[in-house]
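Q: Starting off with a structure, shown below.
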Amino acid sequence: MTQTDNTAVEMSVLSEVALIKIQNPPVNALSKAVRIGLIEKVKSALSDDSVKAIAISSEQALFSGGADISEFGGDAHESPLPEVLDVIEQATKPVFAVVSGPAFGGGLEVALACHYRISFADNKVGLPEVNLGILPGAGGTQRLPRLAGVAKSLDMIVTGKPTKVSTLPSVFDLIVENPAQLLEESMAFIQTKLVEGGEIRRTCDLTVDAAQAPAELFAQYRQGIAKNARGFYSPERCIQAVEAAVSLPFADGLKKEVELFIECMNSSESAAQRHIFFAERAAGHVSDFDKATPIREIKKVGIVGAGTMGGGIAMNFANAGIPVTMLEVKQEALDKGLALIRRNYENSAKKGKLTAEQVEQRMQLLTGSTDYNDFADVDLVIEAVFEKMSVKQEVFGQLDKVCKDGAILATNTSTLDIDEIAKSTSRPQDVIGMHFFSPANVMKLLEVVKAEHTSPDVIKTVMKLAKTIRKVSVLVGVCFGFVGNRMIETYSRESNRLLLEGATPEQIDRVIYDWGMPMGPFTMGDMAGLDIGYFVRESRREFIKHDPSYCVVGDRLVEKGRVGLKCGRGAYLYEKGQRKPIPDPEVVQIAKEEAERLGIQQREITDQEIIERCIYPLINEGANILQEGIAAKPSDIDVIYVYGYGFPVYRGGPMQYADQVGVKAVYDAMCRYQNDLGEHGKSWFEPSPLLKQLVDDGKQFSDLNKG
Ligand code: NAI
């Protein structure tokens, strides 16, 4: 590329300072053109005798968002960033980073390679590579400890969290208060430095004070992050890279960083994390509508039902500044719902996450009503009443009468047929599912459920709205439980069946926890309440009656009043006010008796079998869901599992995990269990035709993401 072609980096000379600006919207990614442009412009400034100093900055909103994700695995090898940074750092005229906006990843690494850094107090910088299962690979792990010290660097590199410039006084040589004056004050600072002799201060020439970083500091740090970093590959490598910054000379430290970076890149954990990063973005791109599909404006929202879900859903909108009217039949229920929301906000305020003023602002956006006429002007209604078809249909009949034309009518049902619900209105094209997960103000996932007649503009509007309320949305079709709950049913079923075959709740929970889920199925069941699953089974007895062993231990527990944590007894026992599950021999005894009654021979169950029996049917059901077109692509299912069910992100979701263990291994195991588990195997372990097809074609699930 010739110099004149490159508009991604501009240069002008002002009072002997070459001002180099990165201009690569939207996020000023360090694409190939930027990297080449930076080298060219720095070299040109160095050879220009009228230039005494160089300043690197930008007029874009971000100083730089870091690497260009579209280059992953491709162009990133051309004029790689470390080479660019070496040119900057080795410059023979002082180079100043004027960090005019957020600088992340490679963007911060550019600043670290400059000789001086200037920014404003509220600006944020960070090294978020760990979130993709890698580490900063352009010297960030070696330069940051030299400037910020070991403790701060560990924190930034291992957590990947953005950090305020005001907390980094040793990294930034000048921190201005007013961002509008950054350029002016920077120019004055540069002139002062030039007058003082224009010292060139290369970060690579600094050393980290080893006394500042005793071995115990690293040991303590490792201990401190052990729980959050469980199962992830890169946090430990990030720590090792920082250790190298302390123990090795700069050049050797850089080599170590490269080594560790490559190890991370080659790990299955990082592959899974990168997969989810792209899967999340791909989930937002829906092929059902084109650019011309209009979007409806959502300025006011109504919510029917101020219970557990209604309250959480309302908070999402209030947080985004959108006014909400909440409707209940009885004033008492309404008052209770609103009071709970206030308590939630006040708890956030106590933790310092909100100011008292913000709490009031949000509460002011929430209005209660017991009169449907108050929904006359809302643009969207979300129904979150009891999970009963007749109740939902009555609510939708009312909405049909009062809501204005073009209002979107959404249901938060978890299991009911949305086509049936839509029939109780005269406008099925406006009816859609918005399936939030509990707690709705915390969980990031939103399953957007397209019913038979839902119009494309309604889908497009809801998918866009999901971004406004900071949810990760996935478009799915109508079936029992949609994608997430339909699949989780297999997982609950098998974990329950394993009890009959001889495993204990604590063994299953330990294996599943160690495998990476936030908690095992029995701890989870007790927390949610075993009665919830019981009621779902009650509504499906017809469908499951052919299997007398189906969740039978769960049924017995509920019948004995053991509904979980809320009453201190479920699959475990709980001491009053405590959440720690205590194994209960009575549960094992119930399983034993039921096994005898059903003629099931108890045996020792291996940990490997527990993983296969709980996870592989989940994958198999995912394959059926794909085959039926309920989910558009495997990566959508992965997003649902990571954001809605706590599936370990370093395993990338069930479908990505299937690719990692091999679709053939999953298929073979399904066939084996189908064969070995008698009637149970025949009923529930039939391999999905799609899974078989992939095996026959020598393909894997990720091949379906591409097409
Ligand atoms: P809930 O029992 O906590 O709340 C339901 C609320 O609706 C109650 O406050 C009740 O007074 C009110 N209500 C009932 N009939 C009404 C009517 N005709 N008009 C106005 N208000 C009425 O139930 P929850 O857990 O909030 O569930 C609501 C919906 O969300 C259900 O469809 C459920 O399947 C679904 N859901 C629940 C999840 C959960 O984990 N709890 C997760 C995802 C969806």
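Note on naming: chains are A, B, ... as they come in the structure tokens, residues start from 1 per chain, ligands start from 1 in the order shown.
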If you run DSSP on the backbone, which residues of segment 36-265 of chain A are alpha helix (DSSP H), as a PyMOL selection string?
A: chain A and resi 36-47+81-89+106-113+140-148+150-159+182-195+215-225+234-247+250-265
Q: Quick one: residues within 6 Å of segment 324-336 of chain A, only C-alpha atoms counted, chain neighbours fewer than 5 positions away excluded, as a list in words?
A: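 The neighbour list is Val301, Gly302, Ile303, Val304, Gly305, Leu366, Thr367, Gly368, Ser369 and Thr370 of chain A.
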Q: Show me, as a tab-separated table, the residues of chain A having an atom within 6 Å of ligand 1, each with the closest atom pair and its distance in Å, using only C-alpha atoms and all ligand atoms.
A:
residue	atom	partner	partner_atom_place_in_ligand_line	distance
A:Val304	CA	ligand 1	20 (C)	5.1
A:Gly305	CA	ligand 1	7 (O)	3.6
A:Ala306	CA	ligand 1	9 (O)	4.6
A:Gly307	CA	ligand 1	4 (O)	3.3
A:Thr308	CA	ligand 1	26 (O)	3.7
A:Met309	CA	ligand 1	26 (O)	3.6
A:Gly310	CA	ligand 1	26 (O)	5.5
A:Leu327	CA	ligand 1	20 (C)	5.7
A:Glu328	CA	ligand 1	20 (C)	3.9
A:Val329	CA	ligand 1	20 (C)	4.7
A:Ala333	CA	ligand 1	11 (O)	5.6
A:Ala384	CA	ligand 1	29 (C)	4.1
A:Val385	CA	ligand 1	7 (O)	3.5
A:Phe386	CA	ligand 1	5 (C)	4.9
A:Glu387	CA	ligand 1	32 (O)	3.9
A:Val391	CA	ligand 1	18 (N)	5.8
A:Val395	CA	ligand 1	18 (N)	5.7
A:Asn412	CA	ligand 1	30 (O)	5.1
A:Thr413	CA	ligand 1	32 (O)	3.8
A:Ser414	CA	ligand 1	34 (O)	4.5
A:His435	CA	ligand 1	44 (C)	6.0
A:Phe436	CA	ligand 1	43 (C)	5.3
A:Phe437	CA	ligand 1	42 (C)	4.7
A:Ser438	CA	ligand 1	40 (O)	4.5
Q: Can you build me a table of segment 629-683 of chain A residues sitting at most 12 Å from segment 225-248 of chain A, with the closest atom pair per residue and its distance in Å to one decimal, using only C-alpha atoms, sorted by chain and residue number, as JSON lines?
A:
{"residue": "A:Phe647", "atom": "CA", "partner": "A:Gly231", "partner_atom": "CA", "distance": 11.8}
{"residue": "A:Pro648", "atom": "CA", "partner": "A:Gly231", "partner_atom": "CA", "distance": 8.2}
{"residue": "A:Val649", "atom": "CA", "partner": "A:Phe232", "partner_atom": "CA", "distance": 8.7}
{"residue": "A:Tyr650", "atom": "CA", "partner": "A:Phe232", "partner_atom": "CA", "distance": 6.1}
{"residue": "A:Arg651", "atom": "CA", "partner": "A:Gly231", "partner_atom": "CA", "distance": 9.1}
{"residue": "A:Gly652", "atom": "CA", "partner": "A:Phe232", "partner_atom": "CA", "distance": 11.5}
Q: Show which residues sit within 8 Å of Thr141 of chain A, as a list in words. Count only C-alpha atoms, and ignore same-chain residues fewer than 2 positions away.
A: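 These residues fall inside the cut-off: Leu135, Pro136, Gly137, Gly139, Arg143, Leu144, Pro145, Ser153, Ile157, Cys238, Ala241, Val242, Ala245 and Glu257 of chain A.
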Q: Taking N, CA and C atoms for each residue, export the selection above as an mmCIF file, in the first residue's frame.
A:
data_model
loop_
_atom_site.group_PDB
_atom_site.id
_atom_site.type_symbol
_atom_site.label_atom_id
_atom_site.label_comp_id
_atom_site.auth_asym_id
_atom_site.auth_seq_id
_atom_site.Cartn_x
_atom_site.Cartn_y
_atom_site.Cartn_z
ATOM 1 N N LEU A 135 -4.232 -13.832 25.674
ATOM 2 C CA LEU A 135 -3.636 -12.781 26.493
ATOM 3 C C LEU A 135 -3.109 -11.703 25.570
ATOM 4 N N PRO A 136 -2.822 -10.516 26.126
ATOM 5 C CA PRO A 136 -2.315 -9.445 25.260
ATOM 6 C C PRO A 136 -1.024 -9.922 24.591
ATOM 7 N N GLY A 137 -0.970 -9.884 23.281
ATOM 8 C CA GLY A 137 0.165 -10.511 22.594
ATOM 9 C C GLY A 137 1.089 -9.522 21.915
ATOM 10 N N GLY A 139 3.071 -7.273 23.663
ATOM 11 C CA GLY A 139 3.919 -6.675 24.695
ATOM 12 C C GLY A 139 3.166 -6.135 25.891
ATOM 13 N N ARG A 143 4.909 -4.690 29.168
ATOM 14 C CA ARG A 143 5.026 -3.238 29.371
ATOM 15 C C ARG A 143 4.155 -2.749 30.526
ATOM 16 N N LEU A 144 2.931 -3.297 30.643
ATOM 17 C CA LEU A 144 2.051 -2.769 31.696
ATOM 18 C C LEU A 144 2.663 -2.933 33.095
ATOM 19 N N PRO A 145 3.224 -4.119 33.442
ATOM 20 C CA PRO A 145 3.820 -4.231 34.797
ATOM 21 C C PRO A 145 4.956 -3.233 35.016
ATOM 22 N N SER A 153 -1.380 -4.636 37.328
ATOM 23 C CA SER A 153 -1.317 -5.307 36.020
ATOM 24 C C SER A 153 -2.013 -6.650 36.063
ATOM 25 N N ILE A 157 -4.961 -7.530 33.562
ATOM 26 C CA ILE A 157 -4.733 -8.546 32.523
ATOM 27 C C ILE A 157 -5.537 -9.813 32.794
ATOM 28 N N CYS A 238 -1.920 -15.762 31.768
ATOM 29 C CA CYS A 238 -1.760 -14.309 31.970
ATOM 30 C C CYS A 238 -0.855 -14.072 33.180
ATOM 31 N N ALA A 241 2.675 -14.768 32.358
ATOM 32 C CA ALA A 241 3.277 -13.715 31.535
ATOM 33 C C ALA A 241 3.721 -12.550 32.417
ATOM 34 N N VAL A 242 2.897 -12.205 33.420
ATOM 35 C CA VAL A 242 3.285 -11.107 34.325
ATOM 36 C C VAL A 242 4.499 -11.532 35.164
ATOM 37 N N ALA A 245 7.469 -10.850 33.269
ATOM 38 C CA ALA A 245 7.849 -9.434 33.230
ATOM 39 C C ALA A 245 8.733 -9.086 34.422
ATOM 40 N N GLU A 257 5.917 -14.177 26.346
ATOM 41 C CA GLU A 257 4.535 -13.755 26.069
ATOM 42 C C GLU A 257 4.021 -14.417 24.785
#
Q: Please provide the set of residues having any atom within 12 Å of Pro323 of chain A, restricted to only C-alpha atoms, with same-chain residues fewer than 3 positions apart removed, written as a ChimeraX atom specification.
A: /A:298-303,314-320,326,361-368,377-381
Q: Mind dumping the selected residues with C-alpha atoms as a compact mmCIF listing (two decimals), in the first residue's frame?
A:
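Result written to selection_0.txt:
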# COMPACT_ATOMS: atom_id res chain seq x y z
CA ILE A 298 -41.04 1.37 21.45
CA LYS A 299 -41.40 4.34 23.76
CA LYS A 300 -43.74 2.94 26.37
CA VAL A 301 -44.16 -0.59 27.69
CA GLY A 302 -46.93 -2.39 29.55
CA ILE A 303 -46.37 -5.51 31.65
CA ALA A 314 -39.88 -4.16 34.18
CA MET A 315 -36.48 -3.33 35.70
CA ASN A 316 -34.78 -3.95 32.34
CA PHE A 317 -36.87 -1.26 30.71
CA ALA A 318 -36.59 1.21 33.60
CA ASN A 319 -32.81 0.71 33.49
CA ALA A 320 -32.89 1.68 29.82
CA MET A 326 -47.44 -2.72 35.32
CA GLN A 361 -35.33 8.00 38.62
CA ARG A 362 -35.94 4.35 37.83
CA MET A 363 -38.84 4.00 40.22
CA GLN A 364 -40.46 7.05 38.66
CA LEU A 365 -40.49 5.26 35.32
CA LEU A 366 -42.61 2.47 36.84
CA THR A 367 -46.35 3.00 37.23
CA GLY A 368 -48.87 0.52 38.59
CA ASP A 377 -51.03 4.02 24.42
CA VAL A 378 -48.29 1.45 25.07
CA ASP A 379 -46.17 0.28 22.13
CA LEU A 380 -45.39 -3.14 23.59
CA VAL A 381 -47.04 -5.32 26.23
Q: What is the distance, in Å and to one decimal place, between atom CA of Arg35 of chain A and atom CA of Met11 of chain A?
A: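 That distance, rounded to one decimal, is 14.0 Å.
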Q: Which is closer to Glu679 of chain A than all the others in A:Met265, A:Val661, A:Val110, A:Leu598, using only C-alpha atoms?
A: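 Among the listed residues, the smallest separation from Glu679 of chain A belongs to A:Leu598.
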Q: Need to verify the contact set: segment 617-634 of chain A, 8 Å, only C-alpha atoms, exclusion of same-chain residues closer than 2 positions in sequence. Can you return it as a PyMOL selection string?
A: chain A and resi 475-479+482-483+486-488+490-491+612-615+636-638+654-656+658+670+685+687-691+701-702+704-705
Q: Tell me which of A:Val587, A:Val536, A:Leu573, A:Val99 sits closest to Asn496 of chain A, counting only C-alpha atoms.
A: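 Once distances to Asn496 of chain A are computed over only C-alpha atoms, the minimum belongs to A:Val587.
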Q: Atom CA of Leu30 of chain A to atom CA of Glu129 of chain A: how many Å, to one decimal?
A: 14.3 Å
Q: For Leu416 of chain A, which of A:Thr355, A:Gly481, A:Leu62, A:Ala466 is the closest residue, counting only C-alpha atoms?
A: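 Ranked by minimum distance to Leu416 of chain A, first place goes to A:Gly481.
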Q: Hey, can you check how far atom CA of Ile469 of chain A sits from atom CA of Lys124 of chain A?
A: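 Between these atoms lies a distance of 22.5 Å.
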Q: Using only C-alpha atoms, which residues sit within 8 Å of Ile640 of chain A once same-chain residues fewer than 6 positions away are excluded, as an mmCIF file with N, CA, C and O atoms, in the first residue's frame?
A:
data_model
loop_
_atom_site.group_PDB
_atom_site.id
_atom_site.type_symbol
_atom_site.label_atom_id
_atom_site.label_comp_id
_atom_site.auth_asym_id
_atom_site.auth_seq_id
_atom_site.Cartn_x
_atom_site.Cartn_y
_atom_site.Cartn_z
ATOM 1 N N LEU A 445 -29.916 -13.647 28.743
ATOM 2 C CA LEU A 445 -30.543 -14.252 27.563
ATOM 3 C C LEU A 445 -31.998 -13.832 27.371
ATOM 4 O O LEU A 445 -32.767 -13.722 28.320
ATOM 5 N N GLU A 447 -34.882 -15.379 24.725
ATOM 6 C CA GLU A 447 -35.323 -16.167 23.567
ATOM 7 C C GLU A 447 -36.480 -15.396 22.932
ATOM 8 O O GLU A 447 -37.488 -15.153 23.598
ATOM 9 N N VAL A 474 -31.850 -14.418 20.934
ATOM 10 C CA VAL A 474 -31.751 -15.493 19.941
ATOM 11 C C VAL A 474 -33.161 -15.776 19.443
ATOM 12 O O VAL A 474 -34.083 -15.943 20.247
ATOM 13 N N VAL A 483 -36.168 -23.593 22.813
ATOM 14 C CA VAL A 483 -34.893 -24.311 22.667
ATOM 15 C C VAL A 483 -34.324 -24.702 24.031
ATOM 16 O O VAL A 483 -34.057 -25.873 24.315
ATOM 17 N N GLY A 484 -34.163 -23.705 24.894
ATOM 18 C CA GLY A 484 -33.436 -23.944 26.145
ATOM 19 C C GLY A 484 -34.113 -24.966 27.036
ATOM 20 O O GLY A 484 -33.500 -25.957 27.442
#
Q: Write out as a PyMOL selection string which residues come within 12 Å of segment 423-429 of chain A when counting only C-alpha atoms, dropping same-chain ones fewer than 5 positions away.
A: chain A and resi 389-410+417-418+450-459
Q: For each of A:Val663, A:Val125, A:Val34, A:Ala282, take the minimum atom-to-atom distance to Lys699 of chain A, counting only C-alpha atoms, then give the residue where this is smallest.
A: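 Of the candidates, the smallest distance to Lys699 of chain A is held by A:Val663.
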Q: Based on DSSP run over this structure's backbone, return all residues of segment 394-515 of chain A in strand (DSSP E or B), as a PyMOL selection string.
A: chain A and resi 408-411+431-436+445-450+472-477
